[in-house]
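Encoded as structure tokens, the structure appears first; notes follow it.
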Protein chains: 2
Amino acid sequence: MKSEGGAHRAVTMRDVAQAAGVSVSTVSHVVNDTGARIGADARERVRRAIDELGYRPNAMAKNLVKGSSRFIGLVADAIASTPFAGQIIHGAQDEAWQHGYVLLVANTEGNAPAEASALSMMWEHKVRGILYSTWYHRAVDLPEGLVEPDTVLVNCYSDRRPLPAVVPNERSGGRDATRMLLEQGHQRVAFLNTSTPSPARDGRHEGYRQALRAAKLPYDPALVVDVQPDQEGGYSAVDRVVASGASAVFCHNDRVAMGLYDGLRERGLRIPDDLSVVGFDNQEVIAAHLRPALSTVALPHYELGRRGVRVLLGLDKPKGSEPMAVDCPSVPRSSISRPSER
Amino acid sequence: MKSEGGAHRAVTMRDVAQAAGVSVSTVSHVVNDTGARIGADARERVRRAIDELGYRPNAMAKNLVKGSSRFIGLVADAIASTPFAGQIIHGAQDEAWQHGYVLLVANTEGNAPAEASALSMMWEHKVRGILYSTWYHRAVDLPEGLVEPDTVLVNCYSDRRPLPAVVPNERSGGRDATRMLLEQGHQRVAFLNTSTPSPARDGRHEGYRQALRAAKLPYDPALVVDVQPDQEGGYSAVDRVVASGASAVFCHNDRVAMGLYDGLRERGLRIPDDLSVVGFDNQEVIAAHLRPALSTVALPHYELGRRGVRVLLGLDKPKGSEPMAVDCPSVPRSSISRPSER
DNA sequence: CTGAAAGCGCTAACAA
DNA sequence: TTGTTAGCGCTTTCAG
């Protein structure tokens, strides 16, 4: 008995109430399993009517009356530009879901008007709050007037506005990457840093120095060289690396490492026997499948998304006004060995 | 004059009406720019009141009364598991946005209960329709009873239910990949197909044969070998490829090609001089940055997402009951040359 | 041109 | 234990 003619009017609570011979409030109570004591018989009739009619609650009506929705907005400057940006969504989605929230996603491709309209449309939907995220760690400036209290920055931060933020801990990442090398006994560790100014550049560099200091090793500027942060950059730095006399290299990212692999191979140098290498980012497609598999340090995108909703929901609090820094886990694989005797 | 005490009650249309000295319906008219002729003065007063008070329409109330929302649901089995899955979201998002819709995203990680609850929660939010997408092209079976009319499958299809679907055209992709090789004059083209049964396996294989046939070349079973669809698979197939006497290889995907690169290099064989190679997928991180850069055929994820919402919105129609097949564009790079004289 | 009023589907007192 | 009722914020006839 599910026909009823063509008009596709949705089944409402009233219909259910009618069919079950009770009032809407009774239906509401059994649907929401509120404390109210409803007679077993009535409850049963309602249940039956519900799936007889295929009733489905109207979330919008519910939200309207409760004054709040179960939405969390996620606006990103580039969902797709980078393979792992998706992990931010993923992490945010999982955590949100766990607390009964759904993610409303908007991709603005860095376009200001699109961004403004995305933000405002999210607020119009009475989202619980907004996660504003970027695909690489950087400073951002949000459009004035579109920032309500519940905004948290993910993978970015604002110098001008005291917005809660969660970012990767570049420093400890750089430190751990370097440490992986040092622990194997390397004394001269080169650092192929990016030439592009960024929190990643500074943080990883600082981490590198920290690790050296902790190991009581001198910081030799000749060992750190700036390159374009991609395969090309790594490839073109081979000569300098070899010339530096380093026995190990910390690359600003996995792509640089990939380029370095190619260059080294062309010179007949073997990894890790002749040179140990560690990357950064843990870009799966690259790191896990290079030969030998690349040891690296992972950018915690999933965790970034997760923590983002946690601070949004007030479950976690960044201490002070500093961004919350999420650790970058080391991912040891096969590109590191003890320095060769010489 | 924006204070008003701590109580954070949102500004409603009534507040605006009051402040402007008009009725709510008047406000509604100016806000929505409906046809109604409203006096310039009144209109002006309303405008002013609106930004004086910082009024923002409540989308939920609006949707409630209109009976429909501007949401499109996207439920995916794995937003993140693969680097390019994100492109589906991206394409869907762009197209949806263009038509005034927002994307509601849920990731189910293939978990059935999660999936069911995602679907039902989307319908509860009165989404305009749902895009159900998978990260790799395959057949799916949706939970009974959770499929309303407006569901379209993206990157997957159902054998049991006649749901509109949009999938990549594996066949034409395989054909084009092979053709890139044939056009350079290769006569013996090996095919490293995946050993895993899938539409990709069958479709690309068929495309390979079609291309051969079109070029009046014989199909030699000795030239097609099944491998594990990743680096390992490509690496381990080198001997067989070399033994087959092929001058070119079509790899089931870019990762296989990447493994092949490694193996070939170890044997001192050069690409493309000794062997031309073409991949499939156009996985940026790999294809564009291998040395030499890998010629391949792109999986049209972005387009898949885009078309998905287009058919959902009735802008495009799959013809017949077959899934709509989206072409895979060729991406020529540097891994192909004419066969060496011999 | 503008306003009054009737809901949209649901929740939450408050009665009964 | 169950029903009545008053809205949530907005749109939309229909009168004035």
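Residues in the structure tokens are numbered from 1 in each chain, the chains being A, B, ... in the order shown, and ligands are numbered from 1 in the order shown.
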Query - DSSP strand (DSSP E) residues within region 183-254 of chain B, as a list in words - result: Val189, Ala190, Phe191, Leu192, Asn193, Thr194, Val224, Val225, Asp226, Val227, Ala248, Val249, Phe250 and Cys251 of chain B
Would you write out those residues with C-alpha atoms, as a PDB file, in the first residue's frame?
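In the end it all went to part-v8.pdb:
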ATOM      1  CA  VAL B 189      53.094  -3.841 -28.877  1.00  0.00           C
ATOM      2  CA  ALA B 190      53.033  -5.700 -25.596  1.00  0.00           C
ATOM      3  CA  PHE B 191      50.198  -5.178 -23.141  1.00  0.00           C
ATOM      4  CA  LEU B 192      50.840  -5.473 -19.434  1.00  0.00           C
ATOM      5  CA  ASN B 193      47.297  -5.852 -18.218  1.00  0.00           C
ATOM      6  CA  THR B 194      46.172  -6.232 -14.642  1.00  0.00           C
ATOM      7  CA  VAL B 224      49.690  -9.702 -23.416  1.00  0.00           C
ATOM      8  CA  VAL B 225      50.721 -10.601 -19.940  1.00  0.00           C
ATOM      9  CA  ASP B 226      48.820 -10.195 -16.727  1.00  0.00           C
ATOM     10  CA  VAL B 227      50.564  -8.600 -13.813  1.00  0.00           C
ATOM     11  CA  ALA B 248      56.569  -0.889 -27.227  1.00  0.00           C
ATOM     12  CA  VAL B 249      54.471  -1.574 -24.159  1.00  0.00           C
ATOM     13  CA  PHE B 250      51.044  -0.474 -23.111  1.00  0.00           C
ATOM     14  CA  CYS B 251      50.819  -0.686 -19.337  1.00  0.00           C
TER      15      CYS B 251
END
Report as JSON lines: every residue of chain D with an atom at most 9 Å from chain B, its closest pair of atoms, and their distance in Å to one decimal, counting only C-alpha atoms (C1' of nucleotides), with rows sorted by chain and ascending residue number.
{"residue": "D:DC8", "atom": "C1'", "partner": "B:Ala61", "partner_atom": "CA", "distance": 7.9}
{"residue": "D:DG9", "atom": "C1'", "partner": "B:Ala61", "partner_atom": "CA", "distance": 5.1}
{"residue": "D:DC10", "atom": "C1'", "partner": "B:Lys62", "partner_atom": "CA", "distance": 5.2}
{"residue": "D:DT11", "atom": "C1'", "partner": "B:Val65", "partner_atom": "CA", "distance": 6.5}
{"residue": "D:DT12", "atom": "C1'", "partner": "B:Ser25", "partner_atom": "CA", "distance": 8.7}
Query raised in the report: Which is closer to chain A than all the others in B:His289, B:His186, B:Arg240, B:Arg171, using only C-alpha atoms?
Result: B:His289
Query - Contact residues (chain B, partner chain A, 7 Å, only C-alpha atoms) as a PyMOL selection string - result: chain B and resi 56-61+64+79-80+83-84+86-87+90+93+103-107+124-125+231+289
Query raised in the report: Any idea which chain C residues end up within 7 Å of chain B if we count only C-alpha atoms (C1' of nucleotides), as a list in words please?
Result: DC1, DT2, DG3 and DC8 of chain C
Any chance you can output those residues with C-alpha atoms (C1' of nucleotides) as a tab-separated table (two decimals), in the first residue's frame?
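Heads up, here's the output in selection33.tsv:
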chain	number	residue	atom	x	y	z
C	1	DC	C1'	2.82	49.09	-3.76
C	2	DT	C1'	2.42	46.76	0.81
C	3	DG	C1'	0.61	43.94	4.59
C	8	DC	C1'	6.20	24.20	5.44
Requested in this report: Report the residues of region 58-225 of chain A whose backbone DSSP state falls under helix (DSSP H, G or I), written as an NGL selection string.
Outcome: :A and (59-66 or 85-98 or 112-124 or 170-182 or 199-214 or 221-223)
Can you write out the residues you just picked, keeping C-alpha atoms, as a compact mmCIF listing (two decimals), in the first residue's frame?
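Listed below is the output, part13.txt:
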# COMPACT_ATOMS: atom_id res chain seq x y z
CA ALA A 59 15.93 17.24 8.87
CA MET A 60 15.36 20.79 7.74
CA ALA A 61 12.19 21.20 9.70
CA LYS A 62 13.89 19.73 12.70
CA ASN A 63 16.88 22.01 12.40
CA LEU A 64 14.66 24.99 11.95
CA VAL A 65 12.88 24.47 15.19
CA LYS A 66 16.01 23.53 17.11
CA ALA A 85 44.48 17.41 0.23
CA GLY A 86 41.69 14.91 0.19
CA GLN A 87 42.94 13.54 3.45
CA ILE A 88 41.98 16.73 5.19
CA ILE A 89 38.43 16.26 4.04
CA HIS A 90 38.60 12.66 4.99
CA GLY A 91 39.77 13.34 8.52
CA ALA A 92 37.30 16.12 9.00
CA GLN A 93 34.53 13.98 7.65
CA ASP A 94 35.27 11.08 9.95
CA GLU A 95 35.46 13.16 13.06
CA ALA A 96 32.40 15.19 12.15
CA TRP A 97 30.42 12.09 11.38
CA GLN A 98 31.34 10.64 14.71
CA ALA A 112 37.92 35.39 -3.85
CA PRO A 113 34.32 35.89 -4.93
CA ALA A 114 33.71 32.17 -4.90
CA GLU A 115 35.18 32.05 -1.46
CA ALA A 116 33.02 34.84 -0.17
CA SER A 117 29.91 33.31 -1.54
CA ALA A 118 30.87 29.91 -0.22
CA LEU A 119 31.38 31.27 3.25
CA SER A 120 28.20 33.23 3.28
CA MET A 121 26.13 30.39 1.93
CA MET A 122 27.50 28.18 4.64
CA TRP A 123 26.55 30.59 7.33
CA GLU A 124 23.12 30.86 5.82
CA GLU A 170 57.24 21.42 10.49
CA ARG A 171 59.95 21.87 13.03
CA SER A 172 59.57 18.57 14.77
CA GLY A 173 59.13 16.97 11.38
CA GLY A 174 62.42 18.37 10.17
CA ARG A 175 64.02 17.33 13.39
CA ASP A 176 62.77 13.77 13.15
CA ALA A 177 63.73 13.44 9.52
CA THR A 178 67.25 14.55 10.29
CA ARG A 179 67.36 12.40 13.35
CA MET A 180 66.55 9.28 11.34
CA LEU A 181 69.77 9.91 9.50
CA LEU A 182 71.84 10.89 12.50
CA PRO A 199 56.49 27.88 7.00
CA ALA A 200 57.65 24.53 5.68
CA ARG A 201 60.95 25.94 4.56
CA ASP A 202 61.64 27.70 7.82
CA GLY A 203 60.26 25.04 10.11
CA ARG A 204 62.08 22.14 8.53
CA HIS A 205 65.27 24.10 8.44
CA GLU A 206 64.99 24.89 12.09
CA GLY A 207 64.26 21.26 12.84
CA TYR A 208 67.34 20.26 10.92
CA ARG A 209 69.49 22.56 12.99
CA GLN A 210 67.91 21.39 16.20
CA ALA A 211 68.66 17.79 15.41
CA LEU A 212 72.26 18.66 14.58
CA ARG A 213 72.63 20.61 17.78
CA ALA A 214 71.15 17.82 19.83
CA PRO A 221 75.97 26.05 5.63
CA ALA A 222 77.72 24.35 2.76
CA LEU A 223 75.52 21.36 3.40
Report summary line: What separates CA of His301 (chain A) and CA of Asp141 (chain A) is a distance of 20.8 Å
